[in-house]
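J.: Next up, input25.txt (compact mmCIF, C-alpha atoms).
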```
# COMPACT_ATOMS: atom_id res chain seq x y z
CA MET A 1 80.31 110.78 76.19
CA ALA A 2 80.30 108.86 79.43
CA ASP A 3 78.15 109.95 82.34
CA LYS A 4 81.07 109.99 84.74
CA TYR A 5 84.85 110.08 84.53
CA LEU A 6 87.31 108.45 86.85
CA ASN A 7 91.03 109.07 86.81
CA CYS A 8 92.92 106.09 88.14
CA ARG A 9 96.28 106.99 86.71
CA GLN A 10 99.23 106.18 88.93
CA LEU A 11 96.98 103.96 91.05
CA LYS A 12 97.91 100.35 91.56
CA CYS A 13 95.75 97.34 92.43
CA PRO A 14 93.43 97.27 94.34
CA SER A 15 92.73 101.00 94.15
CA PRO A 16 91.31 101.12 90.61
CA ILE A 17 88.61 98.54 91.20
CA VAL A 18 87.82 99.91 94.65
CA LYS A 19 87.25 103.32 93.09
CA ILE A 20 85.24 101.88 90.23
CA SER A 21 83.15 99.90 92.67
CA LYS A 22 82.37 103.01 94.69
CA ALA A 23 81.65 105.13 91.63
CA LEU A 24 79.27 102.64 90.05
CA ALA A 25 77.44 102.12 93.33
CA ASP A 26 76.37 105.75 93.16
CA MET A 27 75.22 105.57 89.56
CA SER A 28 71.95 104.42 88.09
CA SER A 29 71.41 101.49 85.81
CA GLY A 30 72.35 102.23 82.22
CA GLN A 31 74.81 104.99 83.02
CA THR A 32 78.37 104.77 81.78
CA LEU A 33 81.65 105.31 83.56
CA SER A 34 84.86 106.09 81.76
CA VAL A 35 88.06 105.14 83.58
CA GLU A 36 91.66 105.97 82.75
CA ALA A 37 94.49 103.95 84.24
CA ASP A 38 98.05 102.91 83.59
CA ASP A 39 98.45 99.84 85.78
CA PRO A 40 99.33 96.78 83.63
CA ALA A 41 96.91 94.71 85.69
CA PHE A 42 94.05 97.08 84.92
CA LYS A 43 92.70 95.31 81.83
CA SER A 44 92.53 91.92 83.46
CA ASP A 45 91.12 93.32 86.71
CA VAL A 46 88.42 95.38 85.03
CA GLU A 47 87.33 92.45 82.86
CA ALA A 48 87.18 90.17 85.89
CA TRP A 49 85.33 92.73 87.94
CA VAL A 50 82.58 93.36 85.39
CA GLN A 51 82.18 89.64 84.96
CA ILE A 52 81.71 89.10 88.69
CA MET A 53 79.44 92.09 89.19
CA GLY A 54 77.37 91.54 86.06
CA HIS A 55 78.05 94.94 84.50
CA GLU A 56 79.12 95.61 80.94
CA LEU A 57 82.52 96.58 79.63
CA VAL A 58 81.46 98.66 76.65
CA GLU A 59 84.92 99.36 75.31
CA PHE A 60 88.55 99.12 76.24
CA SER A 61 91.49 100.81 74.59
CA ASN A 62 95.10 100.00 75.25
CA GLY A 63 98.00 102.38 75.21
CA PRO A 64 100.31 104.11 77.66
CA VAL A 65 97.09 105.23 79.31
CA GLN A 66 94.35 102.63 79.11
CA GLN A 67 90.74 103.63 78.93
CA ALA A 68 87.78 101.51 79.91
CA VAL A 69 84.12 102.38 79.54
CA LEU A 70 81.73 100.49 81.77
CA ARG A 71 77.97 100.45 81.77
CA LYS A 72 76.11 99.72 84.94
CA SER A 73 73.58 96.94 84.54
CA MET B 1 63.23 45.14 48.98
CA ARG B 2 61.90 44.88 52.49
CA GLU B 3 63.62 42.67 55.01
CA THR B 4 63.02 41.43 58.51
CA LEU B 5 65.69 41.93 61.10
CA VAL B 6 66.34 41.08 64.72
CA CYS B 7 66.83 44.06 67.03
CA PRO B 8 70.28 43.73 68.59
CA ILE B 9 69.03 45.10 71.89
CA CYS B 10 65.58 43.62 72.61
CA PRO B 11 65.93 41.03 70.83
CA GLN B 12 62.70 41.18 68.92
CA THR B 13 62.15 40.38 65.35
CA VAL B 14 61.19 43.54 63.56
CA GLY B 15 59.96 43.69 60.06
CA PRO B 16 59.41 43.89 57.26
CA VAL B 17 61.43 47.11 57.22
CA ASP B 18 62.31 49.35 54.33
CA PRO B 19 66.14 49.46 54.24
CA ALA B 20 66.03 53.09 53.16
CA MET B 21 63.96 53.94 56.25
CA LEU B 22 66.44 52.01 58.38
CA ALA B 23 69.36 53.94 56.98
CA HIS B 24 67.50 57.17 57.57
CA ILE B 25 66.77 56.31 61.20
CA ASP B 26 70.42 55.35 61.69
CA ALA B 27 71.57 58.67 60.31
CA MET B 28 69.17 60.58 62.56
CA ILE B 29 70.37 58.77 65.66
CA THR B 30 74.02 59.39 64.79
CA ALA B 31 73.36 63.06 64.20
CA ARG B 32 71.52 63.49 67.50
CA LEU B 33 74.22 61.66 69.43
CA SER B 34 76.94 63.79 67.86
CA GLN B 35 75.12 66.91 68.92
CA HIS B 36 74.92 65.76 72.52
CA LEU B 37 78.50 64.57 72.60
CA ASP B 38 79.76 67.81 71.09
CA ALA B 39 78.07 69.85 73.77
CA LEU B 40 79.56 67.65 76.49
CA ARG B 41 82.98 67.76 74.86
CA GLN B 42 82.90 71.55 74.74
CA GLN B 43 81.90 71.79 78.34
CA ARG B 44 84.72 69.51 79.38
CA GLU B 45 87.28 71.41 77.40
CA GLN B 46 86.34 74.81 78.80
CA PRO B 47 88.97 76.07 81.22
CA LEU B 48 87.63 76.46 84.73
CA SER B 49 88.09 80.18 84.65
CA GLN B 50 85.53 80.51 81.91
CA ARG B 51 82.82 78.44 83.41
CA GLY B 52 81.21 81.50 84.87
CA GLN B 53 79.64 81.47 88.24
CA ALA B 54 80.57 77.91 89.10
CA ALA B 55 80.77 78.71 92.78
CA ASP B 56 78.60 76.76 95.18
CA PRO B 57 75.38 78.75 95.53
CA ALA B 58 74.95 77.39 99.04
CA LEU B 59 78.01 79.36 100.19
CA SER B 60 77.24 82.99 100.72
CA ASN B 61 79.22 85.73 99.05
CA ARG B 62 81.73 85.97 101.85
CA ALA B 63 85.47 85.87 102.26
CA THR B 64 87.24 85.17 105.51
CA ILE B 65 90.95 85.59 106.08
CA VAL B 66 93.02 84.57 109.07
CA ALA B 67 95.86 87.05 109.39
CA PHE B 68 98.36 85.02 111.38
CA SER B 69 101.53 86.43 109.95
CA GLY B 70 102.92 89.78 110.99
CA ASP B 71 105.22 90.15 108.03
CA MET B 72 104.71 93.23 105.95
CA ASP B 73 104.78 91.32 102.70
CA LYS B 74 102.20 88.79 103.84
CA LEU B 75 99.98 91.45 105.36
CA PHE B 76 100.06 93.26 102.06
CA ALA B 77 98.59 90.19 100.43
CA THR B 78 96.02 89.98 103.22
CA PHE B 79 94.80 93.53 102.79
CA VAL B 80 94.93 93.65 99.02
CA ILE B 81 92.85 90.49 98.78
CA ALA B 82 90.42 91.66 101.45
CA THR B 83 89.92 95.03 99.81
CA GLY B 84 89.65 93.52 96.36
CA ALA B 85 87.05 91.06 97.59
CA ALA B 86 85.07 93.89 99.15
CA ALA B 87 85.23 95.73 95.84
CA THR B 88 83.56 92.78 94.16
CA GLY B 89 80.68 92.96 96.54
CA MET B 90 81.77 90.31 99.01
CA GLN B 91 81.33 90.49 102.73
CA VAL B 92 84.85 90.25 104.09
CA SER B 93 86.24 89.65 107.53
CA ILE B 94 89.83 89.36 108.67
CA PHE B 95 90.70 87.58 111.89
CA PHE B 96 93.91 88.85 113.38
CA THR B 97 95.75 86.40 115.54
CA PHE B 98 99.30 86.20 116.88
CA TRP B 99 101.66 88.21 114.77
CA GLY B 100 98.85 89.52 112.60
CA LEU B 101 97.72 91.68 115.50
CA ASN B 102 100.65 93.97 114.80
CA ALA B 103 98.94 95.14 111.66
CA ILE B 104 96.12 96.70 113.62
CA ARG B 105 98.10 98.27 116.42
CA GLN B 106 98.39 101.98 116.54
CA LYS B 107 100.67 102.38 119.50
CA ALA B 108 102.50 100.39 122.12
CA GLU B 109 101.45 100.85 125.72
CA LEU B 110 103.71 99.98 128.61
CA ARG B 111 101.74 101.24 131.55
CA GLY B 112 99.87 98.75 133.67
CA LYS B 113 101.61 95.76 132.20
CA THR B 114 103.54 93.02 133.88
CA LEU B 115 107.24 92.66 133.17
CA CYS B 116 106.63 89.90 130.63
CA GLU B 117 104.03 91.98 128.87
CA LYS B 118 106.31 94.99 128.86
CA LEU B 119 109.11 92.97 127.25
CA MET B 120 106.70 91.68 124.67
CA ALA B 121 105.45 95.17 123.93
CA LEU B 122 108.99 96.40 123.41
CA MET B 123 109.95 93.55 121.15
CA LEU B 124 106.87 93.65 118.97
CA PRO B 125 106.48 96.15 116.16
CA SER B 126 104.28 99.02 117.22
CA GLY B 127 102.18 99.06 114.10
CA PRO B 128 101.92 98.31 110.40
CA ALA B 129 104.48 100.90 109.41
CA ARG B 130 107.18 99.03 111.24
CA LEU B 131 106.89 95.46 110.17
CA GLY B 132 109.59 93.21 108.83
CA THR B 133 109.37 91.07 105.74
CA SER B 134 109.12 87.29 105.80
CA LYS B 135 112.25 87.01 103.70
CA MET B 136 115.25 89.28 103.10
CA ASN B 137 114.56 91.13 106.29
CA MET B 138 118.28 91.76 106.79
CA LEU B 139 117.76 93.35 110.20
CA GLY B 140 115.27 95.82 108.82
CA ALA B 141 117.12 96.85 105.69
CA GLY B 142 114.85 94.66 103.57
CA PRO B 143 111.53 96.25 104.49
CA ALA B 144 113.07 99.72 104.34
CA PHE B 145 114.15 98.95 100.79
CA PHE B 146 110.73 97.61 99.89
CA ARG B 147 109.03 100.68 101.32
CA TYR B 148 111.32 102.87 99.26
CA VAL B 149 110.57 100.99 96.05
CA MET B 150 106.84 101.00 96.78
CA LYS B 151 106.85 104.71 97.34
CA LYS B 152 108.62 105.25 94.05
CA ARG B 153 106.16 103.04 92.21
CA ASN B 154 103.23 104.69 93.91
CA VAL B 155 102.11 101.55 95.68
CA GLN B 156 100.18 102.27 98.82
CA THR B 157 101.74 101.78 102.22
CA LEU B 158 100.40 99.14 104.56
CA PRO B 159 98.77 101.66 106.92
CA ASP B 160 97.02 103.16 103.86
CA LEU B 161 95.81 99.73 102.82
CA VAL B 162 94.47 99.06 106.29
CA ALA B 163 92.51 102.30 106.15
CA MET B 164 91.28 101.48 102.66
CA ALA B 165 90.11 98.04 103.75
CA ARG B 166 88.16 99.53 106.63
CA GLU B 167 86.58 102.11 104.37
CA ALA B 168 85.56 99.35 102.00
CA GLY B 169 83.64 97.71 104.81
CA VAL B 170 86.02 94.91 105.70
CA ARG B 171 85.31 93.60 109.19
CA LEU B 172 88.37 93.46 111.43
CA VAL B 173 88.29 91.03 114.32
CA ALA B 174 91.08 90.59 116.84
CA CYS B 175 91.65 87.26 118.50
CA GLN B 176 91.15 87.81 122.20
CA THR B 177 93.39 84.95 123.32
CA SER B 178 96.33 86.05 121.20
CA MET B 179 95.98 89.50 122.62
CA ASP B 180 96.21 88.14 126.14
CA VAL B 181 99.24 86.03 125.32
CA MET B 182 101.08 88.91 123.72
CA GLY B 183 99.94 91.40 126.30
CA ILE B 184 98.22 93.65 123.80
CA ARG B 185 95.48 95.81 125.24
CA LYS B 186 92.33 97.02 123.52
CA GLU B 187 93.52 100.61 123.67
CA GLU B 188 96.56 99.77 121.59
CA LEU B 189 94.52 98.72 118.61
CA ILE B 190 93.05 100.98 115.96
CA GLU B 191 89.44 102.03 116.11
CA GLY B 192 86.71 99.84 114.80
CA VAL B 193 88.19 96.47 115.66
CA GLU B 194 85.88 93.83 117.07
CA PHE B 195 86.97 91.14 119.48
CA GLY B 196 86.28 87.48 119.13
CA GLY B 197 87.39 83.92 119.55
CA VAL B 198 87.60 80.90 117.35
CA ALA B 199 83.83 80.43 117.23
CA THR B 200 83.47 83.88 115.76
CA TYR B 201 85.96 82.94 113.09
CA LEU B 202 84.30 79.60 112.38
CA ALA B 203 80.85 81.12 112.11
CA ASP B 204 82.13 83.28 109.27
CA ALA B 205 84.49 80.78 107.71
CA ARG B 206 82.04 77.91 107.33
CA ASP B 207 79.83 80.12 105.17
CA SER B 208 82.54 81.72 103.14
CA ARG B 209 83.37 80.74 99.62
CA ILE B 210 86.87 82.11 100.10
CA THR B 211 88.84 81.21 103.21
CA LEU B 212 92.50 82.00 103.55
CA PHE B 213 95.23 81.60 106.14
CA ILE B 214 97.93 84.15 105.53
```
If you took the structure in this file and wrote it as structure tokens, what would it be?

T.:
Amino acid sequence: MADKYLNCRQLKCPSPIVKISKALADMSSGQTLSVEADDPAFKSDVEAWVQIMGHELVEFSNGPVQQAVLRKS
Amino acid sequence: MRETLVCPICPQTVGPVDPAMLAHIDAMITARLSQHLDALRQQREQPLSQRGQAADPALSNRATIVAFSGDMDKLFATFVIATGAAATGMQVSIFFTFWGLNAIRQKAELRGKTLCEKLMALMLPSGPARLGTSKMNMLGAGPAFFRYVMKKRNVQTLPDLVAMAREAGVRLVACQTSMDVMGIRKEELIEGVEFGGVATYLADARDSRITLFI
């Protein structure tokens, strides 16, 4: 169970990563954030974002609604 | 049987040497070299995108954009990139000059302006909701069509993106000279815009790892 949930459905770039960025900023190290989105660019953007920011992408599931779980470093 | 040999590099006579030892040394050298070469080969074959933080550490984590164009499509790119950069922790500033100033206007003022300035004010779009596209403008039908499609696809409007960029901490700077030339007054611009000249831009740009002219 993630510490926080974020619904980014219907949101297109750059909204998902802006929201993720804000959400993680308010969380402590080690906490997890679960995000749901349906933008095709989401997977690539989330992977790039965690790489830049140094956080961890714990899991990612594809589907009509994609789900990503991030852990703040 | 031991033999003497002449070193091909020095050239010194070395010996007597056990040929088995020689073969062993040869094998060790080859193995070590292969290891080094393999590592170098791998590094060379890695696509740039995977080389991690290859950015110049001397450049600070900043992005600077010159928003010269007043086309809706180009300004979209400007604001999406700026906001995205801010979301990755970069310090972002956008310098609005010439047509780009239209993106940060909130209203058109006519009072107190000279005739030339009044004409300019009437001809220029009064804000980001009214901009044309760089191609397929078709007297305004193009952007109207794009706005319709974007609304259907739930893409944010340009005014929304401007607000989002500001909220994300993007610094908006308006070029003072362009404003004078186009007769745009401070009061016509949205809140929170700073004013500067080329030195302001250069101070940011020379330290930015991302600089764009859109």

J.: Distance limit 9 Å, atoms considered: all atoms listed in the file. Which chain A residues sit that close to chain B? Return them as a list of chain:residue names.

T.: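 Within 9 Å of chain B on chain A, we get A:Gln10, A:Leu11, A:Lys12, A:Cys13, A:Pro14, A:Ser15, A:Ile17, A:Val18, A:Lys19, A:Ile20, A:Ser21, A:Lys22, A:Trp49, A:Val50, A:Gln51, A:Ile52, A:Met53.
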
J.: Please indicate the distance in Å from CA of Ala2 (chain A) to CA of Ala25 (chain A), rounded to one decimal place.

T.: 15.7 Å

J.: Expressed in Å to a single decimal, how great is the separation between CA of Asn61 (chain B) and CA of Ala77 (chain B)?

T.: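 Between these atoms lies a distance of 19.9 Å.
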
J.: Pick the closest to Leu110 (chain B) from B:Glu188, B:Gly142, B:Ala63, B:Asp160: which is it, counting all atoms listed in the file?

T.: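 Of the candidates, the smallest distance to Leu110 (chain B) is held by B:Glu188.
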